[in-house]
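First comes the structure, then the notes that go with it.
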There are 2 protein chains.
Amino acid sequence: MQKIAINTGEEMKELYNSAFVLTDSNLERIYGGLLPKTRFVIQAGEGNKTLYSVEKAVNAMIKCGVKRGDRIAAFGGGLIGDLTGFVASIYMRGIKWSFVPTSLLAMADSCVGGKTAVNVGLIKNAVGAYNMPDVFVETKYLNSLPQREFESGMGEIVKMSLMDADLYNFMHGKFDAAEAVKKCIKLKSAIVEKDLTDNGPRRALNMGHTVGHAVEMLTGLSHGMSVLIGMKLEIAMLRELIEHNFFYEVQSYLYKYIGKMPLNLDAEAITVLAMSDKKNSGGISVMYPQNIGDIREVDLSRNEFLRLLKGAM
Amino acid sequence: MQKIAINTGEEMKELYNSAFVLTDSNLERIYGGLLPKTRFVIQAGEGNKTLYSVEKAVNAMIKCGVKRGDRIAAFGGGLIGDLTGFVASIYMRGIKWSFVPTSLLAMADSCVGGKTAVNVGLIKNAVGAYNMPDVFVETKYLNSLPQREFESGMGEIVKMSLMDADLYNFMHGKFDAAEAVKKCIKLKSAIVEKDLTDNGPRRALNMGHTVGHAVEMLTGLSHGMSVLIGMKLEIAMLRELIEHNFFYEVQSYLYKYIGKMPLNLDAEAITVLAMSDKKNSGGISVMYPQNIGDIREVDLSRNEFLRLLKGAM
């Protein structure tokens, strides 16, 4: 069972108890003065989630004398979490790590479950490991979050709401970020506990990601917004499998968060990128909601995928 | 229990059943024509056991469309095994791998136990993972092994012989490489099975490596020769802990394989490098034989280590 503390005020103590802290350049500007001295700053931006950054971080850790029995910590959003978790997974064949998520996306989603990774070339999360962090969520850090990042977090929350009636109802009332974070952590923890390595129920969390990852790479839109667009397109692709009324209900729900779609998406390019997705075994795997809380998977051939995607655009 | 087939003649079938094969430039020259087309060649040499080579291999695997359910294979010595195993550990968060070792070192030692790693900067095996391969040992490949590499393998075999009376006696008779490989695999498998992650009995295998890794980095001598020199120096450092007759017996046994020691080793430089060793928790850990089959561990402060090492030179 993963240790996740929410708004207990222990996050700084945890950072100071770690041998080494990773953060990004945006957070360094705002919180640098409060953080421990043995920290390493990664330039913000998905383009830096690379093996080259891993090497720089490992070199800094060697210089600081981080040992096999030590613990390192991440202070940041999804990028810093993914990178720190991966570094912890491989440093001296694996050490422990803690995560203080500062973005809505990282709090509600990526801090749970221990998936870590970096990109290689154009392929998102091409290399990675499973390594569960102790998590210290403090929702006060949402106050310093840029709007684009807040929207990105909303994308994953909206996705999760299709998996759970309680969260779905909650999302139709007045929004409360701290409450949404708590509900998402509870929901994702329950799913991950049943399926650590992504072969069973955890695959439902990939909803929107087959098309979404490609959209993110091609447009540079935020991860969450790309997932929302991915869901909208995937659901439109599979509309014949989805009950009529529910289809329109979901599309109008997604519209609230996406607004007008970006125009010039290239179906061929999305298909090529979707083909290289980790989730695939032979064809292209797509998850879709049959109903709230009932997520199904289909496996499409490349040609089928392309035809349906063109039809959905 | 790790699957290790010895001289069953199945190794080529295994390579052809893999989605992707890694090998090195020396082996490519000799065996390239026999290997599957979907292979990637790493320039031979410890200097290429880097995250940069990992990135190149991962890119090649993505291009070949290697999937999460696929298996990759290593055809080569310790370097290729370490690199392939590490790539398999992190590619899409972990896939399976097979190992056809072609060097004496890899057959007798590194193919067993699933330790994988690459170097970062000057630090050997700074990042890595545990990922057990299926192994297909064919001792016929020893015929194409350069002398330096053969000697390197002997280093680890001599080390293991101090851990086991049967192997120690065997080493005092007429040498038979295939038989030595079998005995070493059996011995190491038994140790690894008791201690997968290097916290207990497996630490005995680190004998000679605290000083040896540093010697290897500073001199460019082969791994096995460096381990032999490491053992000779470590045992001399701790001679007060070792029974008089046994001390001389081991020193003369090691002399048979080392011959005249290289002259200009720098005790200060060795100490600095030994300090950064993964095995350490606070001081510097050194393993030494109290008797054949009885390996002990001491933890030395930096100053103690340096003083004893100077005394041993």
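By order in the structure tokens, chains are A, B, ...; within a chain, residues start at 1; ligands start at 1, following the order shown.
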
Could you tell me which residues of chain A sit within 10 Å of chain B when counting only C-alpha atoms, and give me the result as a ChimeraX atom specification?
/A:50-52,54-56,58-59,62-63,65-70,86-94,115-130,197,275-282

Written selection (N, CA and C atoms) as a CSV table (one decimal), in the first residue's frame:
```
chain,number,residue,atom,x,y,z
A,50,THR,N,14.6,13.5,-20.6
A,50,THR,CA,15.4,12.7,-21.5
A,50,THR,C,16.4,11.9,-20.7
A,51,LEU,N,17.1,10.9,-21.3
A,51,LEU,CA,18.2,10.2,-20.7
A,51,LEU,C,19.3,11.1,-20.4
A,52,TYR,N,19.4,12.2,-21.2
A,52,TYR,CA,20.5,13.2,-21.0
A,52,TYR,C,20.3,13.9,-19.6
A,54,VAL,N,18.7,12.5,-17.1
A,54,VAL,CA,18.9,11.4,-16.2
A,54,VAL,C,20.4,11.4,-15.9
A,55,GLU,N,21.3,11.4,-16.9
A,55,GLU,CA,22.7,11.4,-16.7
A,55,GLU,C,23.2,12.6,-15.9
A,56,LYS,N,22.7,13.7,-16.2
A,56,LYS,CA,23.1,14.9,-15.4
A,56,LYS,C,22.7,14.8,-13.9
A,58,VAL,N,22.2,12.0,-12.3
A,58,VAL,CA,23.0,10.9,-11.6
A,58,VAL,C,24.4,11.4,-11.3
A,59,ASN,N,25.0,12.2,-12.2
A,59,ASN,CA,26.3,12.8,-12.0
A,59,ASN,C,26.2,13.7,-10.7
A,62,ILE,N,26.1,11.5,-7.7
A,62,ILE,CA,27.4,10.9,-7.3
A,62,ILE,C,28.2,11.9,-6.6
A,63,LYS,N,28.3,13.2,-7.2
A,63,LYS,CA,29.0,14.2,-6.6
A,63,LYS,C,28.6,14.5,-5.1
A,65,GLY,N,27.5,12.3,-3.2
A,65,GLY,CA,27.7,11.1,-2.4
A,65,GLY,C,26.5,10.4,-2.0
A,66,VAL,N,25.4,10.5,-2.8
A,66,VAL,CA,24.2,9.7,-2.5
A,66,VAL,C,24.4,8.2,-2.5
A,67,LYS,N,24.0,7.6,-1.4
A,67,LYS,CA,24.4,6.1,-1.3
A,67,LYS,C,23.2,5.3,-1.5
A,68,ARG,N,23.4,4.0,-1.6
A,68,ARG,CA,22.4,3.0,-1.9
A,68,ARG,C,21.2,3.0,-0.9
A,69,GLY,N,21.6,3.3,0.3
A,69,GLY,CA,20.6,3.3,1.4
A,69,GLY,C,19.8,4.6,1.5
A,70,ASP,N,20.2,5.6,0.7
A,70,ASP,CA,19.6,6.9,0.8
A,70,ASP,C,18.3,7.0,0.1
A,86,PHE,N,12.4,7.7,-12.0
A,86,PHE,CA,13.2,6.8,-12.9
A,86,PHE,C,14.7,6.8,-12.4
A,87,VAL,N,15.2,8.0,-12.1
A,87,VAL,CA,16.6,8.0,-11.6
A,87,VAL,C,16.7,7.2,-10.3
A,88,ALA,N,15.7,7.3,-9.4
A,88,ALA,CA,15.7,6.5,-8.2
A,88,ALA,C,15.7,5.0,-8.5
A,89,SER,N,14.9,4.6,-9.6
A,89,SER,CA,14.8,3.2,-9.9
A,89,SER,C,16.1,2.6,-10.4
A,90,ILE,N,17.0,3.4,-11.0
A,90,ILE,CA,18.2,2.8,-11.6
A,90,ILE,C,19.5,3.2,-10.9
A,91,TYR,N,19.4,4.2,-10.0
A,91,TYR,CA,20.7,4.7,-9.3
A,91,TYR,C,21.1,3.5,-8.4
A,92,MET,N,22.3,3.1,-8.7
A,92,MET,CA,22.9,1.9,-7.9
A,92,MET,C,21.9,0.8,-7.9
A,93,ARG,N,21.2,0.5,-9.0
A,93,ARG,CA,20.2,-0.5,-9.1
A,93,ARG,C,19.0,-0.3,-8.2
A,94,GLY,N,18.7,0.9,-7.8
A,94,GLY,CA,17.4,1.2,-7.2
A,94,GLY,C,17.5,1.7,-5.8
A,115,LYS,N,4.5,4.6,-11.6
A,115,LYS,CA,5.0,4.6,-13.0
A,115,LYS,C,6.0,5.7,-13.1
A,116,THR,N,7.2,5.4,-13.6
A,116,THR,CA,8.2,6.4,-13.9
A,116,THR,C,8.7,6.2,-15.3
A,117,ALA,N,9.2,7.3,-15.9
A,117,ALA,CA,9.7,7.1,-17.3
A,117,ALA,C,10.4,8.4,-17.8
A,118,VAL,N,11.1,8.3,-18.9
A,118,VAL,CA,11.6,9.4,-19.7
A,118,VAL,C,11.4,9.1,-21.1
A,119,ASN,N,11.4,10.1,-22.0
A,119,ASN,CA,11.2,10.0,-23.4
A,119,ASN,C,12.5,9.6,-24.1
A,120,VAL,N,12.4,8.9,-25.2
A,120,VAL,CA,13.5,8.7,-26.1
A,120,VAL,C,13.1,9.1,-27.5
A,121,GLY,N,13.8,10.1,-28.1
A,121,GLY,CA,13.4,10.6,-29.4
A,121,GLY,C,12.0,11.1,-29.3
A,122,LEU,N,11.2,10.7,-30.2
A,122,LEU,CA,9.8,11.2,-30.2
A,122,LEU,C,8.9,10.4,-29.4
A,123,ILE,N,9.4,9.3,-28.8
A,123,ILE,CA,8.5,8.3,-28.1
A,123,ILE,C,8.4,8.7,-26.6
A,124,LYS,N,7.2,9.1,-26.2
A,124,LYS,CA,7.0,9.4,-24.8
A,124,LYS,C,7.1,8.2,-23.9
A,125,ASN,N,7.8,8.4,-22.8
A,125,ASN,CA,7.9,7.3,-21.8
A,125,ASN,C,8.4,6.0,-22.4
A,126,ALA,N,9.4,6.1,-23.3
A,126,ALA,CA,9.9,4.9,-24.0
A,126,ALA,C,10.6,4.0,-23.0
A,127,VAL,N,11.3,4.6,-22.1
A,127,VAL,CA,12.0,3.8,-21.0
A,127,VAL,C,11.6,4.3,-19.7
A,128,GLY,N,11.5,3.3,-18.7
A,128,GLY,CA,11.0,3.6,-17.4
A,128,GLY,C,11.0,2.4,-16.5
A,129,ALA,N,10.4,2.6,-15.3
A,129,ALA,CA,10.4,1.5,-14.3
A,129,ALA,C,9.2,1.8,-13.4
A,130,TYR,N,8.9,0.7,-12.6
A,130,TYR,CA,7.9,0.9,-11.6
A,130,TYR,C,8.6,1.1,-10.2
A,197,THR,N,1.1,-3.6,-12.7
A,197,THR,CA,2.0,-3.5,-13.9
A,197,THR,C,1.2,-3.4,-15.2
A,275,MET,N,0.7,3.7,-33.4
A,275,MET,CA,1.3,2.4,-33.7
A,275,MET,C,2.4,2.0,-32.7
A,276,SER,N,3.2,3.1,-32.4
A,276,SER,CA,4.4,2.8,-31.6
A,276,SER,C,4.1,2.8,-30.1
A,277,ASP,N,2.8,2.9,-29.7
A,277,ASP,CA,2.5,3.0,-28.3
A,277,ASP,C,2.8,1.7,-27.5
A,278,LYS,N,3.3,1.9,-26.3
A,278,LYS,CA,3.6,0.8,-25.4
A,278,LYS,C,2.5,-0.2,-25.2
A,279,LYS,N,1.3,0.3,-25.1
A,279,LYS,CA,0.1,-0.5,-24.7
A,279,LYS,C,-0.2,-1.6,-25.8
A,280,ASN,N,0.3,-1.4,-27.0
A,280,ASN,CA,-0.1,-2.3,-28.1
A,280,ASN,C,0.5,-3.6,-28.0
A,281,SER,N,-0.1,-4.7,-28.4
A,281,SER,CA,0.5,-6.0,-28.6
A,281,SER,C,0.6,-6.3,-30.1
A,282,GLY,N,-0.4,-6.1,-30.8
A,282,GLY,CA,-0.3,-6.3,-32.3
A,282,GLY,C,-0.9,-5.1,-33.0
```

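Using only C-alpha atoms, the protein and nucleic acid residues lying no more than 8 Å from stretch 201-203 of chain A, apart from those fewer than 4 places from it along its own chain, are A:Ile191, A:Val192, A:Lys194, A:Asp195, A:Leu196, A:Thr197, A:Met207, A:Met287.
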
From atom CA of A:Ser110 to atom CA of A:Leu205 the spacing works out at 10.9 Å

Next on the checklist: Which residues are close to B:Arg307, i.e. within 10 Å by only C-alpha atoms, leaving aside same-chain residues fewer than 3 positions away? Reply as a list in words.
Outcome noted: Met237, Ala267, Glu268, Thr271, Ser301, Arg302, Asn303, Glu304, Lys310, Gly311 and Ala312 of chain B

**Asked** Near A:Tyr253, within 10 Å and counting only C-alpha atoms, which residues show up once chain neighbours fewer than 4 positions away are dropped, as a PyMOL selection string?
**Response** chain A and resi 158+171-172+232+247-249+257-258

DSSP strand (DSSP E) residues within stretch 28-87 of chain B, as JSON, numbers by chain: {"B": [39, 40, 41, 42, 71, 72, 73, 74, 75, 76]}

Please write the residues from the selection above to a file, keeping N, CA, C and O atoms, as a short mmCIF file (atom, residue, chain, number, x, y, z; two decimals), in the first residue's frame.
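And here is the file that came out, out.cif:
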```cif
data_model
loop_
_atom_site.label_atom_id
_atom_site.label_comp_id
_atom_site.auth_asym_id
_atom_site.auth_seq_id
_atom_site.Cartn_x
_atom_site.Cartn_y
_atom_site.Cartn_z
N ARG B 39 19.55 -6.90 -35.63
CA ARG B 39 20.53 -6.80 -34.55
C ARG B 39 21.13 -5.41 -34.53
O ARG B 39 21.06 -4.67 -35.52
N PHE B 40 21.74 -5.07 -33.41
CA PHE B 40 22.36 -3.76 -33.25
C PHE B 40 23.76 -3.99 -32.71
O PHE B 40 23.96 -4.78 -31.79
N VAL B 41 24.73 -3.32 -33.32
CA VAL B 41 26.13 -3.55 -32.97
C VAL B 41 26.68 -2.38 -32.16
O VAL B 41 26.66 -1.24 -32.61
N ILE B 42 27.15 -2.69 -30.95
CA ILE B 42 27.78 -1.68 -30.09
C ILE B 42 29.29 -1.79 -30.30
O ILE B 42 29.84 -2.89 -30.32
N ARG B 71 10.80 -10.21 -26.55
CA ARG B 71 12.00 -10.59 -25.83
C ARG B 71 13.19 -10.14 -26.67
O ARG B 71 13.16 -10.24 -27.89
N ILE B 72 14.22 -9.60 -26.02
CA ILE B 72 15.44 -9.28 -26.76
C ILE B 72 16.56 -10.20 -26.28
O ILE B 72 16.41 -10.90 -25.27
N ALA B 73 17.67 -10.21 -27.02
CA ALA B 73 18.76 -11.12 -26.66
C ALA B 73 20.11 -10.43 -26.78
O ALA B 73 20.31 -9.54 -27.60
N ALA B 74 21.03 -10.87 -25.90
CA ALA B 74 22.41 -10.39 -25.93
C ALA B 74 23.29 -11.51 -26.46
O ALA B 74 23.18 -12.65 -26.00
N PHE B 75 24.16 -11.19 -27.41
CA PHE B 75 25.17 -12.13 -27.89
C PHE B 75 26.51 -11.45 -27.68
O PHE B 75 26.89 -10.56 -28.44
N GLY B 76 27.20 -11.82 -26.59
CA GLY B 76 28.46 -11.15 -26.31
C GLY B 76 28.97 -11.41 -24.91
O GLY B 76 28.51 -12.32 -24.22
#
```

DSSP says helix (DSSP H, G or I) for which residues of stretch 120-172 of chain B? Put them as a list in words? Thr139, Lys140, Tyr141, Leu142, Asn143, Ser144, Gln147, Arg148, Glu149, Phe150, Glu151, Ser152, Gly153, Met154, Gly155, Glu156, Ile157, Val158, Lys159, Met160, Ser161, Ala165, Asp166, Leu167, Tyr168, Asn169, Phe170 and Met171 of chain B

Just-selected residues, N, CA and C atoms written as a compact mmCIF listing (two decimals), in the first residue's frame:
```txt
# COMPACT_ATOMS: atom_id res chain seq x y z
N THR B 139 30.18 -23.32 -24.72
CA THR B 139 31.60 -23.08 -24.44
C THR B 139 32.45 -23.06 -25.72
N LYS B 140 31.88 -23.49 -26.85
CA LYS B 140 32.65 -23.41 -28.10
C LYS B 140 33.04 -21.98 -28.44
N TYR B 141 32.27 -20.99 -27.97
CA TYR B 141 32.61 -19.60 -28.28
C TYR B 141 33.90 -19.15 -27.60
N LEU B 142 34.36 -19.91 -26.61
CA LEU B 142 35.64 -19.58 -25.97
C LEU B 142 36.79 -19.69 -26.97
N ASN B 143 36.61 -20.49 -28.03
CA ASN B 143 37.68 -20.66 -29.02
C ASN B 143 38.05 -19.36 -29.73
N SER B 144 37.09 -18.44 -29.84
CA SER B 144 37.38 -17.18 -30.53
C SER B 144 37.73 -16.05 -29.55
N GLN B 147 43.21 -13.65 -25.70
CA GLN B 147 43.89 -14.07 -24.48
C GLN B 147 43.56 -13.16 -23.29
N ARG B 148 43.60 -11.85 -23.53
CA ARG B 148 43.32 -10.89 -22.46
C ARG B 148 41.95 -11.16 -21.84
N GLU B 149 40.97 -11.48 -22.70
CA GLU B 149 39.61 -11.75 -22.22
C GLU B 149 39.55 -13.07 -21.45
N PHE B 150 40.34 -14.04 -21.90
CA PHE B 150 40.38 -15.32 -21.20
C PHE B 150 40.94 -15.12 -19.79
N GLU B 151 42.01 -14.37 -19.70
CA GLU B 151 42.60 -14.06 -18.39
C GLU B 151 41.61 -13.34 -17.49
N SER B 152 40.84 -12.46 -18.09
CA SER B 152 39.86 -11.70 -17.31
C SER B 152 38.84 -12.65 -16.67
N GLY B 153 38.37 -13.61 -17.46
CA GLY B 153 37.45 -14.61 -16.92
C GLY B 153 38.07 -15.41 -15.79
N MET B 154 39.36 -15.74 -15.96
CA MET B 154 40.06 -16.50 -14.90
C MET B 154 40.03 -15.74 -13.58
N GLY B 155 40.09 -14.42 -13.64
CA GLY B 155 40.08 -13.62 -12.42
C GLY B 155 38.85 -13.91 -11.56
N GLU B 156 37.69 -13.90 -12.19
CA GLU B 156 36.46 -14.13 -11.41
C GLU B 156 36.37 -15.60 -10.97
N ILE B 157 36.88 -16.50 -11.79
CA ILE B 157 36.84 -17.93 -11.41
C ILE B 157 37.74 -18.15 -10.20
N VAL B 158 38.93 -17.55 -10.20
CA VAL B 158 39.83 -17.66 -9.05
C VAL B 158 39.16 -17.08 -7.80
N LYS B 159 38.52 -15.92 -7.96
CA LYS B 159 37.79 -15.33 -6.83
C LYS B 159 36.76 -16.31 -6.29
N MET B 160 35.95 -16.87 -7.17
CA MET B 160 34.90 -17.80 -6.71
C MET B 160 35.49 -19.03 -6.06
N SER B 161 36.68 -19.43 -6.52
CA SER B 161 37.29 -20.64 -5.94
C SER B 161 37.62 -20.45 -4.47
N ALA B 165 35.28 -25.02 -1.53
CA ALA B 165 36.39 -25.98 -1.45
C ALA B 165 36.48 -26.84 -2.71
N ASP B 166 35.33 -27.28 -3.24
CA ASP B 166 35.33 -28.13 -4.43
C ASP B 166 35.99 -27.41 -5.61
N LEU B 167 35.58 -26.17 -5.85
CA LEU B 167 36.14 -25.39 -6.96
C LEU B 167 37.62 -25.08 -6.71
N TYR B 168 37.96 -24.82 -5.45
CA TYR B 168 39.35 -24.51 -5.08
C TYR B 168 40.25 -25.71 -5.39
N ASN B 169 39.79 -26.91 -5.03
CA ASN B 169 40.56 -28.13 -5.34
C ASN B 169 40.67 -28.33 -6.85
N PHE B 170 39.54 -28.16 -7.52
CA PHE B 170 39.50 -28.29 -8.98
C PHE B 170 40.54 -27.38 -9.64
N MET B 171 40.68 -26.18 -9.13
CA MET B 171 41.59 -25.20 -9.71
C MET B 171 43.05 -25.59 -9.50
```
